[in-house]
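Here is the file data_16.cif (mmCIF, C-alpha atoms and all ligand atoms).
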data_run
loop_
_atom_site.label_atom_id
_atom_site.label_comp_id
_atom_site.auth_asym_id
_atom_site.auth_seq_id
_atom_site.Cartn_x
_atom_site.Cartn_y
_atom_site.Cartn_z
CA MET A 26 -9.99 -23.47 0.21
CA ASN A 27 -6.28 -23.08 -0.45
CA GLY A 28 -4.35 -23.97 2.74
CA LYS A 29 -1.61 -21.45 1.97
CA ARG A 30 -1.95 -17.89 3.15
CA THR A 31 -2.73 -15.41 0.39
CA ALA A 32 -1.82 -11.74 0.02
CA LEU A 33 -3.28 -9.22 -2.42
CA ILE A 34 -0.89 -6.40 -3.26
CA THR A 35 -2.26 -3.51 -5.31
CA GLY A 36 0.02 -1.80 -7.81
CA ALA A 37 2.32 -4.83 -7.85
CA ASN A 38 3.58 -4.69 -11.42
CA LYS A 39 6.71 -2.74 -10.44
CA GLY A 40 8.50 -0.81 -7.73
CA ILE A 41 7.79 -1.40 -4.06
CA GLY A 42 4.60 -3.38 -4.81
CA LEU A 43 6.38 -5.94 -6.98
CA GLU A 44 9.11 -6.32 -4.38
CA THR A 45 6.51 -6.67 -1.58
CA ALA A 46 4.92 -9.49 -3.59
CA ARG A 47 8.35 -11.07 -4.05
CA GLN A 48 9.24 -10.93 -0.34
CA LEU A 49 5.82 -12.22 0.79
CA GLY A 50 6.08 -14.97 -1.82
CA GLN A 51 9.52 -15.90 -0.49
CA GLN A 52 7.85 -16.32 2.92
CA GLY A 53 5.64 -18.99 1.37
CA MET A 54 2.53 -16.92 0.73
CA THR A 55 0.50 -17.08 -2.46
CA VAL A 56 0.64 -13.56 -3.87
CA LEU A 57 -2.08 -11.98 -5.95
CA ASP A 58 -0.50 -9.23 -8.03
CA GLY A 59 -3.18 -6.59 -8.43
CA GLU A 60 -2.11 -5.00 -11.70
CA ARG A 61 -3.53 -3.28 -14.73
CA GLY A 62 -1.54 -5.66 -17.01
CA ALA A 63 0.07 -9.02 -16.26
CA ARG A 64 3.63 -7.75 -16.34
CA ALA A 65 5.18 -8.93 -13.10
CA VAL A 66 3.69 -12.34 -12.48
CA ALA A 67 5.89 -14.15 -15.01
CA THR A 68 8.99 -12.69 -13.34
CA LEU A 69 7.90 -13.90 -9.91
CA ARG A 70 6.81 -17.31 -11.17
CA GLY A 71 10.27 -17.65 -12.73
CA GLU A 72 11.62 -17.23 -9.18
CA SER A 73 9.44 -20.13 -7.95
CA ILE A 74 7.00 -17.78 -6.24
CA ASP A 75 3.32 -18.72 -6.29
CA ALA A 76 2.21 -15.46 -7.93
CA ARG A 77 -1.10 -14.96 -9.71
CA PHE A 78 -2.18 -12.03 -11.82
CA ILE A 79 -5.39 -10.36 -10.81
CA ALA A 80 -6.67 -7.56 -13.04
CA LEU A 81 -7.17 -4.57 -10.77
CA ASP A 82 -7.49 -0.89 -11.53
CA VAL A 83 -8.02 0.46 -8.05
CA THR A 84 -9.95 3.49 -9.29
CA ASP A 85 -12.48 1.36 -11.18
CA ALA A 86 -15.36 0.04 -9.06
CA ALA A 87 -16.20 -2.72 -11.56
CA SER A 88 -12.58 -3.90 -11.60
CA ILE A 89 -12.48 -4.02 -7.79
CA ALA A 90 -15.78 -5.94 -7.63
CA GLU A 91 -14.56 -8.44 -10.23
CA ALA A 92 -11.28 -8.94 -8.34
CA SER A 93 -13.13 -9.69 -5.11
CA ARG A 94 -15.46 -12.12 -6.94
CA MET A 95 -12.45 -13.94 -8.38
CA ILE A 96 -10.77 -14.25 -4.99
CA GLU A 97 -14.05 -15.46 -3.46
CA ARG A 98 -14.45 -18.08 -6.20
CA ASP A 99 -10.84 -19.28 -6.31
CA LEU A 100 -9.68 -18.93 -2.72
CA GLY A 101 -12.66 -18.13 -0.50
CA ARG A 102 -10.69 -15.81 1.75
CA LEU A 103 -7.83 -13.34 1.90
CA ASP A 104 -5.15 -13.21 4.61
CA VAL A 105 -3.30 -10.00 3.75
CA LEU A 106 -4.20 -6.85 1.81
CA VAL A 107 -1.47 -4.35 0.96
CA ASN A 108 -2.93 -1.12 -0.42
CA ASN A 109 0.25 -0.13 -2.22
CA ALA A 110 -0.90 1.52 -5.49
CA GLY A 111 -0.01 5.19 -5.43
CA ILE A 112 0.74 8.15 -7.64
CA ILE A 113 2.38 11.54 -7.37
CA LEU A 114 1.71 14.25 -9.95
CA GLY A 115 4.77 16.42 -9.47
CA ARG A 116 5.06 18.69 -6.46
CA PRO A 117 3.85 22.14 -7.47
CA LYS A 118 3.79 24.79 -4.73
CA PRO A 119 0.46 25.03 -2.89
CA SER A 120 -0.35 28.31 -4.66
CA GLU A 121 0.18 26.66 -8.05
CA THR A 122 -1.69 23.45 -7.33
CA ARG A 123 -4.43 22.39 -9.74
CA LEU A 124 -7.49 21.05 -7.99
CA ASP A 125 -7.96 18.37 -10.66
CA ASP A 126 -4.53 16.98 -9.82
CA VAL A 127 -5.39 16.86 -6.13
CA ARG A 128 -8.54 14.92 -7.01
CA ARG A 129 -6.60 12.46 -9.19
CA VAL A 130 -4.01 11.82 -6.48
CA PHE A 131 -6.66 11.36 -3.79
CA GLU A 132 -8.58 9.04 -6.12
CA VAL A 133 -5.67 6.55 -6.17
CA ASN A 134 -3.91 7.18 -2.86
CA VAL A 135 -6.94 7.52 -0.58
CA PHE A 136 -10.35 6.74 -2.11
CA ALA A 137 -9.12 3.59 -3.86
CA ALA A 138 -7.61 2.26 -0.64
CA ILE A 139 -11.03 2.62 1.02
CA ALA A 140 -12.85 1.05 -1.93
CA VAL A 141 -10.47 -1.92 -2.16
CA THR A 142 -10.46 -2.46 1.61
CA ASN A 143 -14.26 -2.45 1.83
CA ALA A 144 -14.56 -4.81 -1.13
CA MET A 145 -12.02 -7.24 0.36
CA LEU A 146 -13.16 -7.06 4.00
CA PRO A 147 -15.68 -9.92 3.77
CA LEU A 148 -12.80 -12.11 2.50
CA LEU A 149 -10.33 -10.74 5.04
CA ARG A 150 -12.77 -11.44 7.90
CA ARG A 151 -12.62 -15.16 7.03
CA ALA A 152 -8.86 -15.42 7.57
CA SER A 153 -7.55 -17.41 10.50
CA PRO A 154 -5.24 -16.28 12.00
CA ALA A 155 -6.78 -12.85 11.60
CA ALA A 156 -5.94 -10.85 8.50
CA ARG A 157 -3.49 -7.98 8.19
CA ILE A 158 -4.12 -4.79 6.22
CA VAL A 159 -1.24 -2.52 5.23
CA MET A 160 -1.78 1.02 3.93
CA VAL A 161 1.34 2.18 2.10
CA SER A 162 1.79 5.74 3.30
CA SER A 163 4.85 7.99 3.50
CA GLU A 164 6.63 10.09 6.09
CA ILE A 165 5.85 12.95 3.68
CA GLY A 166 2.30 12.61 5.06
CA GLY A 167 3.45 13.11 8.66
CA LEU A 168 2.02 16.44 9.87
CA SER A 169 4.58 16.78 12.63
CA ASN A 170 7.49 16.29 10.21
CA HIS A 171 6.50 19.34 8.19
CA GLY A 172 6.78 21.51 11.29
CA ASP A 173 10.34 20.35 11.95
CA PRO A 174 12.94 22.50 10.10
CA ASP A 175 15.60 19.81 10.68
CA TRP A 176 13.60 17.03 9.05
CA THR A 177 15.34 15.57 5.95
CA TYR A 178 12.48 16.48 3.63
CA ALA A 179 11.61 19.85 5.22
CA TRP A 180 11.95 21.40 1.73
CA PHE A 181 8.94 19.39 0.50
CA ASN A 182 6.19 21.98 0.00
CA ALA A 183 3.19 20.72 -1.96
CA ILE A 184 -0.41 19.69 -1.30
CA ALA A 185 -1.69 16.69 -3.24
CA TYR A 186 0.72 13.87 -2.39
CA PRO A 187 1.49 14.79 1.25
CA ALA A 188 -2.17 15.52 2.06
CA SER A 189 -3.21 12.22 0.45
CA LYS A 190 -0.85 10.30 2.71
CA THR A 191 -1.98 12.26 5.78
CA ALA A 192 -5.55 11.31 4.88
CA LEU A 193 -4.51 7.68 4.35
CA ASN A 194 -3.01 7.67 7.84
CA MET A 195 -6.40 8.69 9.26
CA VAL A 196 -8.11 6.05 7.13
CA THR A 197 -5.72 3.52 8.71
CA VAL A 198 -6.54 4.58 12.25
CA GLN A 199 -10.29 4.48 11.64
CA TYR A 200 -10.21 0.95 10.16
CA ALA A 201 -8.01 -0.18 13.04
CA LYS A 202 -10.60 1.13 15.52
CA GLU A 203 -13.51 -0.60 13.84
CA LEU A 204 -11.66 -3.90 13.41
CA ALA A 205 -9.84 -4.03 16.77
CA ALA A 206 -12.17 -6.67 18.22
CA THR A 207 -11.76 -8.93 15.18
CA GLY A 208 -7.99 -9.32 15.56
CA ILE A 209 -7.48 -7.82 12.09
CA LYS A 210 -4.52 -5.45 12.32
CA VAL A 211 -4.43 -2.33 10.19
CA ASN A 212 -1.23 -0.30 9.99
CA ALA A 213 0.35 2.34 7.78
CA ALA A 214 3.79 1.66 6.27
CA ASP A 215 6.49 4.17 5.46
CA PRO A 216 8.76 2.59 2.81
CA GLY A 217 11.39 5.37 3.00
CA TYR A 218 12.86 7.16 -0.01
CA THR A 219 13.18 4.33 -2.53
CA ALA A 220 14.38 4.33 -6.14
CA THR A 221 11.25 3.72 -8.25
CA ASP A 222 9.45 5.32 -11.18
CA LEU A 223 7.49 7.40 -8.65
CA ASN A 224 10.55 9.59 -8.06
CA GLY A 225 12.45 9.09 -11.34
CA ASN A 226 14.52 6.46 -9.54
CA ARG A 227 16.17 9.10 -7.38
CA GLY A 228 15.33 7.36 -4.09
CA THR A 229 18.28 6.39 -1.93
CA GLN A 230 17.03 2.92 -0.95
CA THR A 231 16.64 -0.20 -3.08
CA VAL A 232 13.17 -1.67 -3.56
CA ALA A 233 14.28 -4.59 -1.37
CA GLU A 234 14.74 -2.08 1.46
CA GLY A 235 11.62 -0.11 0.55
CA ALA A 236 9.35 -3.18 0.74
CA ARG A 237 10.45 -4.18 4.22
CA ALA A 238 7.98 -2.00 6.14
CA SER A 239 4.99 -3.40 4.24
CA VAL A 240 6.25 -6.98 4.56
CA ARG A 241 6.85 -6.60 8.28
CA LEU A 242 3.33 -5.24 8.85
CA ALA A 243 1.79 -7.90 6.59
CA LEU A 244 3.40 -10.65 8.70
CA LEU A 245 2.73 -9.25 12.19
CA ASP A 246 1.95 -11.88 14.79
CA ASP A 247 -0.98 -11.63 17.19
CA ALA A 248 1.07 -9.56 19.66
CA GLY A 249 1.80 -6.96 16.97
CA PRO A 250 0.40 -3.43 16.95
CA THR A 251 -2.62 -2.04 15.12
CA GLY A 252 -3.52 1.52 14.15
CA GLY A 253 0.11 2.65 13.93
CA PHE A 254 2.58 4.10 11.43
CA TYR A 255 5.85 2.18 10.96
CA ASP A 256 8.92 2.01 8.79
CA ALA A 257 10.97 -1.17 8.51
CA ARG A 258 12.26 -0.82 12.08
CA SER A 259 10.19 1.47 14.25
CA GLN A 260 7.31 3.88 14.69
CA VAL A 261 7.11 6.95 12.44
CA PRO A 262 5.64 10.29 13.64
CA TRP A 263 2.13 11.07 12.37
N1 LIG B 301 9.31 5.32 -3.82
C1 LIG B 301 9.30 6.00 -2.67
O1 LIG B 301 10.31 6.67 -2.31
C2 LIG B 301 8.11 5.97 -1.78
C3 LIG B 301 8.22 6.56 -0.52
C4 LIG B 301 7.11 6.54 0.32
C5 LIG B 301 5.95 5.94 -0.09
N2 LIG B 301 5.85 5.37 -1.33
C6 LIG B 301 4.59 4.73 -1.71
O2 LIG B 301 4.85 3.41 -2.11
C7 LIG B 301 3.80 2.97 -3.00
C8 LIG B 301 4.42 2.31 -4.21
O3 LIG B 301 5.13 3.31 -4.93
P1 LIG B 301 6.43 3.03 -5.81
O4 LIG B 301 7.47 3.95 -5.31
O5 LIG B 301 6.69 1.59 -5.90
O6 LIG B 301 5.94 3.65 -7.20
P2 LIG B 301 5.80 3.03 -8.67
O7 LIG B 301 6.98 2.22 -9.02
O8 LIG B 301 5.42 4.21 -9.51
O9 LIG B 301 4.57 2.05 -8.51
C9 LIG B 301 3.26 2.52 -8.32
C10 LIG B 301 2.32 1.37 -8.58
O10 LIG B 301 0.97 1.84 -8.39
C11 LIG B 301 0.23 1.39 -9.51
N3 LIG B 301 -0.97 2.15 -9.77
C12 LIG B 301 -1.11 3.49 -9.96
N4 LIG B 301 -2.40 3.77 -10.25
C13 LIG B 301 -3.07 2.58 -10.21
C14 LIG B 301 -4.42 2.21 -10.43
N5 LIG B 301 -5.38 3.10 -10.72
N6 LIG B 301 -4.74 0.90 -10.31
C15 LIG B 301 -3.82 -0.03 -10.02
N7 LIG B 301 -2.53 0.26 -9.82
C16 LIG B 301 -2.17 1.55 -9.92
C17 LIG B 301 1.19 1.46 -10.68
O11 LIG B 301 0.68 0.69 -11.76
P3 LIG B 301 0.85 1.20 -13.28
O12 LIG B 301 2.25 0.89 -13.66
O13 LIG B 301 -0.16 0.36 -14.03
O14 LIG B 301 0.54 2.66 -13.28
C18 LIG B 301 2.42 0.86 -10.03
O15 LIG B 301 2.34 -0.54 -10.01
C19 LIG B 301 2.98 4.21 -3.30
O16 LIG B 301 1.80 4.20 -2.50
C20 LIG B 301 3.88 5.35 -2.89
O17 LIG B 301 3.18 6.52 -2.53
C21 LIG B 301 6.91 5.36 -2.18
#
Encoded form using structure tokens:
Amino acid sequence: MNGKRTALITGANKGIGLETARQLGQQGMTVLDGERGARAVATLRGESIDARFIALDVTDAASIAEASRMIERDLGRLDVLVNNAGIILGRPKPSETRLDDVRRVFEVNVFAAIAVTNAMLPLLRRASPAARIVMVSSEIGGLSNHGDPDWTYAWFNAIAYPASKTALNMVTVQYAKELAATGIKVNAADPGYTATDLNGNRGTQTVAEGARASVRLALLDDAGPTGGFYDARSQVPW
């Protein structure tokens, strides 16, 4: 077994996922870039980061199973899982929302996070110290935010993306409950509004800033929280 700690980051070919891999790699971790094409690994390896490409389409059960087999064969365990892959399909008003789009968004943002987590859990359970699981959510999924007229994104009025992140928050809490006795910590991360392809690069933060919440939760020590929702500094309202 590799003595170094290993992190799998889904959707790591660009944006916040790539930067999360970079920052975890800079902390000395081996990073498995879960991507649909080996685009980012060469960049990270050029920065002396121990990055390895792992083919992973998070909506494809066979791809997830193959990824877990490869990690089992090559490493025997997994120390950190960051469920980062996510999509947004515009933000049509609720009354103009197409159900197929809601399904597609939930497929990546919610169902895939469950599928990948369950496939990786046998590997995560072997980590010592106990593994960390990060669900990359968004304050846009915070129910209480949407009731606050003074909230920065109070104008956001759509179903698919916000509801997917609300659901992901519940997924986080339920895994945290089940795994509490194992020491595995499961938390949701809010990257903050970050310039990536997801928002046409209109975000106000850099990816270096946007990755901090995930990195912090991936590196929590034993005294750290579980079952919570955090940005880079503090707790975020559900
Ligand atoms: N940017 C923000 O302001 C912001 C704010 C809050 C939360 N977030 C969350 O942060 C996470 C990362 O988003 P980002 O802003 O970095 O967006 P991004 O640059 O568009 O990156 C999204 C990543 O997800 C991957 N992905 C999508 N579908 C996938 C699939 N089926 N299998 C594997 N990978 C898949 C993409 O890969 P491909 O290139 O192959 O499609 C890409 O690597 C998302 O969960 C997003 O909801 C972002």
Quiz item: Do you know which residues are at most 12 Å from Ala90 (chain A) counting only C-alpha atoms, after dropping those on the same chain fewer than 5 positions away, and could you put them as an MDAnalysis selection string?
Solution: chainID A and resid 79:85 95:97 140:146
Output for the residues just chosen: C-alpha atoms as a PDB file, keeping the file's coordinate frame:
ATOM      1  CA  ILE A  79      -5.390 -10.360 -10.810  1.00  0.00           C
ATOM      2  CA  ALA A  80      -6.670  -7.560 -13.040  1.00  0.00           C
ATOM      3  CA  LEU A  81      -7.170  -4.570 -10.770  1.00  0.00           C
ATOM      4  CA  ASP A  82      -7.490  -0.890 -11.530  1.00  0.00           C
ATOM      5  CA  VAL A  83      -8.020   0.460  -8.050  1.00  0.00           C
ATOM      6  CA  THR A  84      -9.950   3.490  -9.290  1.00  0.00           C
ATOM      7  CA  ASP A  85     -12.480   1.360 -11.180  1.00  0.00           C
ATOM      8  CA  MET A  95     -12.450 -13.940  -8.380  1.00  0.00           C
ATOM      9  CA  ILE A  96     -10.770 -14.250  -4.990  1.00  0.00           C
ATOM     10  CA  GLU A  97     -14.050 -15.460  -3.460  1.00  0.00           C
ATOM     11  CA  ALA A 140     -12.850   1.050  -1.930  1.00  0.00           C
ATOM     12  CA  VAL A 141     -10.470  -1.920  -2.160  1.00  0.00           C
ATOM     13  CA  THR A 142     -10.460  -2.460   1.610  1.00  0.00           C
ATOM     14  CA  ASN A 143     -14.260  -2.450   1.830  1.00  0.00           C
ATOM     15  CA  ALA A 144     -14.560  -4.810  -1.130  1.00  0.00           C
ATOM     16  CA  MET A 145     -12.020  -7.240   0.360  1.00  0.00           C
ATOM     17  CA  LEU A 146     -13.160  -7.060   4.000  1.00  0.00           C
TER      18      LEU A 146
END
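For the set A:Leu103, A:Leu69, A:Thr219, A:Arg61, the residue with the smallest atom-to-atom gap to Ser153 (chain A) is A:Leu103, counting all atoms listed in the file.
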Rows by chain and residue number, chain A within 9 Å of ligand LIG 301 (chain B), shortest pair, all atoms listed in the file, as a Markdown table:
| residue | atom | partner | partner_atom | distance |
| --- | --- | --- | --- | --- |
| A:Thr35 | CA | B:LIG301 | N7 | 5.9 |
| A:Gly36 | CA | B:LIG301 | O15 | 3.4 |
| A:Ala37 | CA | B:LIG301 | O15 | 4.8 |
| A:Asn38 | CA | B:LIG301 | O15 | 4.6 |
| A:Lys39 | CA | B:LIG301 | O15 | 4.9 |
| A:Gly40 | CA | B:LIG301 | O5 | 3.5 |
| A:Ile41 | CA | B:LIG301 | O5 | 3.7 |
| A:Gly42 | CA | B:LIG301 | O5 | 5.5 |
| A:Leu43 | CA | B:LIG301 | O15 | 7.4 |
| A:Glu44 | CA | B:LIG301 | O5 | 8.4 |
| A:Gly59 | CA | B:LIG301 | C15 | 6.8 |
| A:Glu60 | CA | B:LIG301 | C15 | 5.5 |
| A:Arg61 | CA | B:LIG301 | O13 | 5.0 |
| A:Gly62 | CA | B:LIG301 | O13 | 6.9 |
| A:Ala80 | CA | B:LIG301 | C15 | 8.6 |
| A:Leu81 | CA | B:LIG301 | C15 | 5.7 |
| A:Asp82 | CA | B:LIG301 | N6 | 3.5 |
| A:Val83 | CA | B:LIG301 | N6 | 4.0 |
| A:Thr84 | CA | B:LIG301 | N5 | 4.8 |
| A:Asp85 | CA | B:LIG301 | N5 | 7.3 |
| A:Asn108 | CA | B:LIG301 | O16 | 7.4 |
| A:Asn109 | CA | B:LIG301 | O16 | 4.6 |
| A:Ala110 | CA | B:LIG301 | O10 | 3.5 |
| A:Gly111 | CA | B:LIG301 | O16 | 3.6 |
| A:Ile112 | CA | B:LIG301 | C12 | 5.5 |
| A:Ile113 | CA | B:LIG301 | O17 | 7.0 |
| A:Glu132 | CA | B:LIG301 | N5 | 8.2 |
| A:Val133 | CA | B:LIG301 | N5 | 5.7 |
| A:Asn134 | CA | B:LIG301 | O16 | 6.5 |
| A:Ala137 | CA | B:LIG301 | N5 | 7.8 |
| A:Met160 | CA | B:LIG301 | O16 | 8.0 |
| A:Val161 | CA | B:LIG301 | O16 | 5.0 |
| A:Ser162 | CA | B:LIG301 | C5 | 5.4 |
| A:Ser163 | CA | B:LIG301 | C4 | 4.2 |
| A:Glu164 | CA | B:LIG301 | C4 | 6.8 |
| A:Ile165 | CA | B:LIG301 | C4 | 7.3 |
| A:Tyr186 | CA | B:LIG301 | O17 | 7.8 |
| A:Lys190 | CA | B:LIG301 | O17 | 7.6 |
| A:Ala214 | CA | B:LIG301 | C5 | 8.0 |
| A:Asp215 | CA | B:LIG301 | C4 | 5.7 |
| A:Pro216 | CA | B:LIG301 | C4 | 5.0 |
| A:Gly217 | CA | B:LIG301 | C3 | 4.9 |
| A:Tyr218 | CA | B:LIG301 | O1 | 3.5 |
| A:Thr219 | CA | B:LIG301 | O1 | 3.7 |
| A:Ala220 | CA | B:LIG301 | N1 | 5.7 |
| A:Thr221 | CA | B:LIG301 | O7 | 4.6 |
| A:Asp222 | CA | B:LIG301 | O8 | 4.5 |
| A:Leu223 | CA | B:LIG301 | O8 | 3.9 |
| A:Asn224 | CA | B:LIG301 | N1 | 6.1 |
| A:Gly225 | CA | B:LIG301 | O8 | 8.8 |
| A:Asn226 | CA | B:LIG301 | N1 | 7.8 |
| A:Arg227 | CA | B:LIG301 | O1 | 8.1 |
| A:Gly228 | CA | B:LIG301 | O1 | 5.4 |
| A:Thr229 | CA | B:LIG301 | O1 | 8.0 |
| A:Gln230 | CA | B:LIG301 | O1 | 7.8 |
| A:Val232 | CA | B:LIG301 | O5 | 7.6 |
| A:Gly235 | CA | B:LIG301 | C1 | 7.3 |
| A:Ala236 | CA | B:LIG301 | O2 | 8.5 |
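Distances here use only C-alpha atoms; by that measure, the residue among A:Ala201, A:Val135, A:Leu149, A:Ala156 closest to Ser189 (chain A) is A:Val135.
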Quiz item: Quick one: distance from CA of Asp247 (chain A) to CA of Ile209 (chain A) in Å, one decimal?
Solution: 9.1 Å
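Coordinates place CA of Arg94 (chain A) at a distance of 24.2 Å from CA of Thr197 (chain A).
The residue that comes closest to Val211 (chain A), out of A:Ala238, A:Val196, A:Met54, A:Ile184 and on the basis of all atoms listed in the file, is A:Val196.
Interatomic distance, CA of Ile158 (chain A) to CA of Ala213 (chain A): 8.6 Å.
Nearest to Thr55 (chain A) of all the residues A:Asp256, A:Asp126, A:Glu72, A:Asp104 is A:Asp104, based on all atoms listed in the file.
Checking A:Arg102, A:Arg150, A:Arg47, A:Arg30 one by one against Ala76 (chain A), counting only C-alpha atoms, you find the shortest gap at A:Arg47.
Across A:Gly167, A:Thr191, A:Trp176, A:Gln52, the tightest approach to Gln260 (chain A) is made by A:Gly167 when counting all atoms listed in the file.
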Practice problem: Find the residues near Leu245 (chain A): any atom within 12 Å, counting all atoms listed in the file, skip ones fewer than 2 places away on the same chain, and give them as a ChimeraX atom specification. | Solution: /A:104-105,154-159,208-212,238-243,247-251,255
The centre and edge lengths of an axis-aligned box containing all atoms of region 63-80 of chain A present in the file, extended by 3 Å on each side, are to be given in Å to one decimal, as AutoDock Vina command-line options.
--center_x 2.5 --center_y -13.8 --center_z -11.3 --size_x 24.3 --size_y 18.6 --size_z 16.1
Quiz item: Leaving out His171 (chain A) and any residue of its chain fewer than 6 positions from it, which residues lie within 9 Å of it when counting only C-alpha atoms, given as a PyMOL selection string?
Solution: chain A and resi 165+178-182
How about completing region 157-179 of chain A with N, CA and C atoms and giving it to me as a short mmCIF file (atom, residue, chain, number, x, y, z; two decimals), in the coordinates of the input?
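Writing the result to selection_17.cif gives the following:
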data_model
loop_
_atom_site.label_atom_id
_atom_site.label_comp_id
_atom_site.auth_asym_id
_atom_site.auth_seq_id
_atom_site.Cartn_x
_atom_site.Cartn_y
_atom_site.Cartn_z
N ARG A 157 -4.28 -9.20 8.02
CA ARG A 157 -3.49 -7.98 8.19
C ARG A 157 -3.75 -7.07 7.00
N ILE A 158 -3.93 -5.78 7.28
CA ILE A 158 -4.12 -4.79 6.22
C ILE A 158 -3.00 -3.76 6.35
N VAL A 159 -2.32 -3.50 5.24
CA VAL A 159 -1.24 -2.52 5.23
C VAL A 159 -1.62 -1.39 4.28
N MET A 160 -1.55 -0.16 4.76
CA MET A 160 -1.78 1.02 3.93
C MET A 160 -0.40 1.62 3.66
N VAL A 161 0.00 1.67 2.39
CA VAL A 161 1.34 2.18 2.10
C VAL A 161 1.29 3.71 2.04
N SER A 162 1.81 4.29 3.11
CA SER A 162 1.79 5.74 3.30
C SER A 162 3.18 6.30 3.02
N SER A 163 3.53 7.38 3.69
CA SER A 163 4.85 7.99 3.50
C SER A 163 5.08 8.97 4.65
N GLU A 164 6.34 9.09 5.05
CA GLU A 164 6.63 10.09 6.09
C GLU A 164 6.33 11.50 5.59
N ILE A 165 6.23 11.65 4.26
CA ILE A 165 5.85 12.95 3.68
C ILE A 165 4.44 13.33 4.13
N GLY A 166 3.65 12.34 4.56
CA GLY A 166 2.30 12.61 5.06
C GLY A 166 2.26 12.93 6.55
N GLY A 167 3.41 12.86 7.21
CA GLY A 167 3.45 13.11 8.66
C GLY A 167 3.33 14.61 8.97
N LEU A 168 2.24 15.02 9.58
CA LEU A 168 2.02 16.44 9.87
C LEU A 168 3.14 17.01 10.71
N SER A 169 3.58 16.24 11.71
CA SER A 169 4.58 16.78 12.63
C SER A 169 5.93 16.98 11.94
N ASN A 170 6.23 16.13 10.94
CA ASN A 170 7.49 16.29 10.21
C ASN A 170 7.58 17.67 9.55
N HIS A 171 6.47 18.09 8.96
CA HIS A 171 6.50 19.34 8.19
C HIS A 171 6.71 20.57 9.08
N GLY A 172 6.51 20.40 10.38
CA GLY A 172 6.78 21.51 11.29
C GLY A 172 8.19 21.50 11.84
N ASP A 173 8.98 20.51 11.41
CA ASP A 173 10.34 20.35 11.95
C ASP A 173 11.36 20.82 10.90
N PRO A 174 12.01 21.97 11.11
CA PRO A 174 12.94 22.50 10.10
C PRO A 174 14.15 21.59 9.88
N ASP A 175 14.44 20.69 10.82
CA ASP A 175 15.60 19.81 10.68
C ASP A 175 15.27 18.48 10.00
N TRP A 176 14.02 18.28 9.70
CA TRP A 176 13.60 17.03 9.05
C TRP A 176 14.23 16.95 7.65
N THR A 177 14.63 15.75 7.24
CA THR A 177 15.34 15.57 5.95
C THR A 177 14.57 16.16 4.77
N TYR A 178 13.26 16.03 4.79
CA TYR A 178 12.48 16.48 3.63
C TYR A 178 11.71 17.77 3.94
N ALA A 179 12.29 18.61 4.82
CA ALA A 179 11.61 19.85 5.22
C ALA A 179 11.34 20.76 4.01
#
